[in-house]
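Okay, input_1.tsv is below, TSV, C-alpha atoms:
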chain	number	residue	atom	x	y	z
A	208	MET	CA	-2.97	8.56	-3.65
A	209	PHE	CA	-0.86	5.54	-2.83
A	210	LYS	CA	-0.03	3.01	-5.55
A	211	LYS	CA	2.40	0.79	-3.62
A	212	ILE	CA	2.78	0.15	0.09
A	213	LEU	CA	5.71	-1.71	1.61
A	214	LEU	CA	4.79	-3.84	4.61
A	215	PRO	CA	7.85	-5.36	6.31
A	216	THR	CA	6.98	-8.26	8.61
A	217	ASP	CA	8.83	-10.38	11.11
A	218	GLY	CA	5.75	-12.31	12.16
A	219	SER	CA	5.27	-10.29	15.34
A	220	GLU	CA	1.95	-9.01	16.67
A	221	ALA	CA	3.02	-5.45	15.84
A	222	SER	CA	3.62	-6.38	12.21
A	223	LEU	CA	0.22	-8.09	12.05
A	224	ARG	CA	-1.44	-4.89	13.31
A	225	ALA	CA	0.53	-2.98	10.67
A	226	GLY	CA	-0.79	-5.43	8.08
A	227	LYS	CA	-4.38	-4.78	9.08
A	228	TYR	CA	-3.79	-1.05	8.80
A	229	ALA	CA	-2.12	-1.51	5.39
A	230	ILE	CA	-5.18	-3.39	4.15
A	231	SER	CA	-7.40	-0.49	5.26
A	232	VAL	CA	-5.19	2.03	3.43
A	233	ALA	CA	-5.08	-0.15	0.31
A	234	GLU	CA	-8.88	-0.55	0.31
A	235	LEU	CA	-9.22	3.24	0.19
A	236	SER	CA	-6.43	3.95	-2.27
A	237	GLY	CA	-6.31	0.81	-4.43
A	238	ALA	CA	-2.62	0.38	-3.65
A	239	ASP	CA	-0.69	-2.86	-4.02
A	240	ILE	CA	0.88	-4.17	-0.81
A	241	ILE	CA	4.36	-5.65	-0.87
A	242	VAL	CA	4.74	-7.97	2.13
A	243	LEU	CA	8.47	-8.21	2.85
A	244	ASN	CA	10.27	-10.60	5.17
A	245	VAL	CA	13.98	-9.95	5.65
A	246	ILE	CA	16.21	-12.78	6.74
A	247	ASP	CA	18.85	-11.18	8.92
A	248	THR	CA	21.95	-13.13	7.89
A	249	ASP	CA	24.61	-10.76	9.24
A	250	TYR	CA	25.33	-13.05	12.15
A	251	LEU	CA	25.61	-16.09	9.85
A	252	ASN	CA	28.60	-14.55	8.10
A	253	LYS	CA	30.50	-14.72	11.39
A	254	LEU	CA	30.16	-18.49	11.74
A	255	PRO	CA	33.38	-20.40	11.05
A	256	GLN	CA	31.83	-23.38	9.22
A	257	LYS	CA	30.57	-22.69	5.73
A	258	ASP	CA	28.38	-25.82	5.55
A	259	LEU	CA	26.65	-24.83	8.81
A	260	THR	CA	26.11	-21.32	7.47
A	261	GLU	CA	24.54	-22.69	4.28
A	262	LYS	CA	22.28	-25.07	6.19
A	263	LEU	CA	21.09	-22.33	8.57
A	264	ASN	CA	20.60	-19.95	5.65
A	265	GLU	CA	18.42	-22.50	3.86
A	266	GLY	CA	16.38	-23.13	7.01
A	267	LEU	CA	15.87	-19.40	7.59
A	268	ARG	CA	14.76	-18.89	4.00
A	269	GLU	CA	12.15	-21.66	4.31
A	270	GLU	CA	11.01	-20.25	7.65
A	271	GLY	CA	10.74	-16.78	6.08
A	272	LYS	CA	8.69	-18.14	3.17
A	273	ASN	CA	6.30	-19.90	5.54
A	274	ALA	CA	6.04	-16.81	7.76
A	275	VAL	CA	5.17	-14.52	4.84
A	276	GLU	CA	2.54	-16.88	3.48
A	277	LYS	CA	1.03	-17.42	6.94
A	278	PHE	CA	1.10	-13.68	7.57
A	279	LYS	CA	-0.56	-12.98	4.20
A	280	LYS	CA	-3.30	-15.53	4.88
A	281	GLN	CA	-3.88	-14.23	8.39
A	282	ILE	CA	-4.26	-10.66	7.13
A	283	GLU	CA	-6.68	-11.77	4.43
A	284	ASP	CA	-8.71	-13.92	6.82
A	285	GLU	CA	-8.92	-11.41	9.66
A	286	LYS	CA	-9.25	-8.13	7.81
A	287	CYS	CA	-10.82	-9.16	4.53
A	288	ASP	CA	-12.77	-12.24	5.58
A	289	GLY	CA	-10.68	-14.14	3.04
A	290	ASN	CA	-11.57	-11.80	0.19
A	291	CYS	CA	-9.46	-8.66	-0.27
A	292	LYS	CA	-11.19	-7.10	-3.24
A	293	ASN	CA	-8.97	-5.07	-5.55
A	294	ILE	CA	-5.95	-5.50	-3.29
A	295	ASN	CA	-2.88	-7.13	-4.72
A	296	LEU	CA	-0.64	-8.70	-2.04
A	297	ILE	CA	2.88	-9.34	-3.32
A	298	THR	CA	5.26	-11.36	-1.14
A	299	MET	CA	9.03	-10.99	-1.06
A	300	ILE	CA	11.77	-12.63	0.96
A	301	LYS	CA	15.20	-11.03	0.97
A	302	LYS	CA	18.41	-11.41	2.93
A	303	GLY	CA	20.57	-8.82	4.63
A	304	LYS	CA	20.44	-6.21	7.34
A	305	PRO	CA	16.70	-5.59	7.79
A	306	GLU	CA	16.66	-1.78	7.78
A	307	ASP	CA	18.96	-1.62	4.72
A	308	VAL	CA	16.89	-4.15	2.80
A	309	ILE	CA	13.64	-2.38	3.68
A	310	ILE	CA	14.94	1.01	2.50
A	311	LYS	CA	16.48	-0.46	-0.66
A	312	THR	CA	13.30	-2.37	-1.51
A	313	ALA	CA	11.22	0.77	-1.01
A	314	GLU	CA	13.45	2.60	-3.50
A	315	GLU	CA	13.63	-0.26	-6.02
A	316	GLU	CA	9.87	-0.87	-5.98
A	317	GLY	CA	8.94	2.82	-6.00
A	318	VAL	CA	6.69	2.55	-2.97
A	319	ASP	CA	4.69	5.53	-1.77
A	320	GLU	CA	4.60	4.56	1.90
A	321	ILE	CA	6.12	2.09	4.33
A	322	ILE	CA	3.78	0.71	7.00
A	323	ILE	CA	5.72	-1.01	9.77
A	324	GLY	CA	5.04	-2.35	13.24
A	325	LYS	CA	6.40	-0.38	16.17
A	326	SER	CA	8.65	-3.19	17.25
A	327	GLY	CA	9.47	-6.77	16.47
A	328	LYS	CA	9.77	-9.96	18.42
A	329	HIS	CA	12.55	-8.85	20.73
A	330	GLY	CA	12.66	-8.07	24.46
A	331	LEU	CA	11.59	-4.54	25.23
A	332	GLU	CA	9.10	-4.22	22.39
A	333	LYS	CA	6.29	-3.01	24.64
A	334	PHE	CA	8.33	-0.06	25.87
A	335	ILE	CA	10.32	1.29	22.96
A	336	VAL	CA	10.21	1.63	19.21
A	337	GLY	CA	12.19	-1.22	17.69
A	338	SER	CA	15.67	-0.38	16.48
A	339	THR	CA	14.91	-1.57	12.93
A	340	THR	CA	11.76	0.55	12.86
A	341	GLU	CA	13.64	3.57	14.17
A	342	ARG	CA	16.37	3.20	11.54
A	343	VAL	CA	13.78	2.85	8.77
A	344	VAL	CA	11.99	6.01	9.94
A	345	ARG	CA	15.26	7.94	9.97
A	346	ALA	CA	16.52	6.72	6.57
A	347	SER	CA	13.34	6.53	4.50
A	348	LYS	CA	12.72	8.93	1.67
A	349	VAL	CA	9.00	8.08	1.67
A	350	PRO	CA	6.47	8.47	4.48
A	351	VAL	CA	6.58	5.78	7.17
A	352	SER	CA	3.56	4.90	9.28
A	353	VAL	CA	4.54	3.20	12.53
A	354	ILE	CA	1.75	1.08	13.97
A	355	SER	CA	1.78	0.12	17.65

As structure tokens - that is how I would like this structure written.
Amino acid sequence: MFKKILLPTDGSEASLRAGKYAISVAELSGADIIVLNVIDTDYLNKLPQKDLTEKLNEGLREEGKNAVEKFKKQIEDEKCDGNCKNINLITMIKKGKPEDVIIKTAEEEGVDEIIIGKSGKHGLEKFIVGSTTERVVRASKVPVSVIS
């Protein structure tokens, strides 16, 4: 039985579908769901101006916070009719390389499963598994359910 599920989200339709599936699994198992948004700041480190980097970082963090809360509400409203009984949704926002942060969070939180959307918000998402998703599947020590 699952006790903790990690649900990485980037706000994409695929991650929303993964969220709906995670709710279904949690309803059956009583698991907590950790909704994780990772702010990919790798490219910020390459910017020459530190003040610009800090300003962008702050903006991305606020955007991530809003995205996670909106995502959480949308999952609750659509799947649970606003009332997810016995399901604890925990939100987290972290910075770093998404696949590394997802794997590290799974280990730190002792999750039993990662439920992730097939692909994110980028270009060829309808045709291929997203590169972050693929890397998570390859590196994870716990089962990963990929939802298309």

Q. What would the list of residues within 7 Å of (7.0, -6.9, -2.6) (file frame) look like as a count of residues only, if only C-alpha atoms are what count?
A. 8

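Between CA of Ile321 (chain A) and CA of Lys211 (chain A) the interatomic distance comes to 8.9 Å.
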
Q.
Need the shell around Ala238 (chain A): protein/DNA/RNA residues with any atom at most 10 Å away, counting all atoms listed in the file. Skip same-chain ones fewer than 4 positions apart. Format as JSON, numbers by chain?
A. {"A": [208, 209, 210, 211, 212, 229, 230, 232, 233, 234, 293, 294, 295, 296, 318, 319]}

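CA of Val245 (chain A) lies 19.9 Å from CA of Ser355 (chain A).
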
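Among A:Lys348, A:Arg268, A:Lys325, A:Lys311, the residue with the shortest atom-to-atom distance to Asn244 (chain A), counting only C-alpha atoms, is A:Arg268.
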
Q: With a distance cut-off of 9 Å and only C-alpha atoms, select the neighbouring residues of region 215-219 of chain A, excluding the residue or stretch itself and same-chain residues fewer than 4 positions from it, and output the selection as number ranges by chain.
A: A: 223-226, 241-246, 271, 274-275, 277-278, 305, 309, 321-324, 326-328

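With all atoms listed in the file as the basis for measurement, A:Ser222 is the residue among A:Gln256, A:Gln281, A:Asn264, A:Ser222 that approaches Ser352 (chain A) most closely.
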
**Q.** Shortest interatomic distance to Ala313 (chain A) - which of A:Asp284, A:Leu259, A:Leu214, A:Ser236, counting only C-alpha atoms
**A.**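 Of A:Asp284, A:Leu259, A:Leu214, A:Ser236, the one nearest Ala313 (chain A) is A:Leu214, counting only C-alpha atoms.
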
Q) For the atom pair CA of Ile310 (chain A) and CA of Leu254 (chain A), what is the interatomic distance in Å to one decimal place? A) 26.4 Å

**Q.** Selected residue of minimal separation from Glu276 (chain A) among A:Ile300, A:Leu235, A:Ala221, A:Val344, counting all atoms listed in the file
**A.** A:Ile300
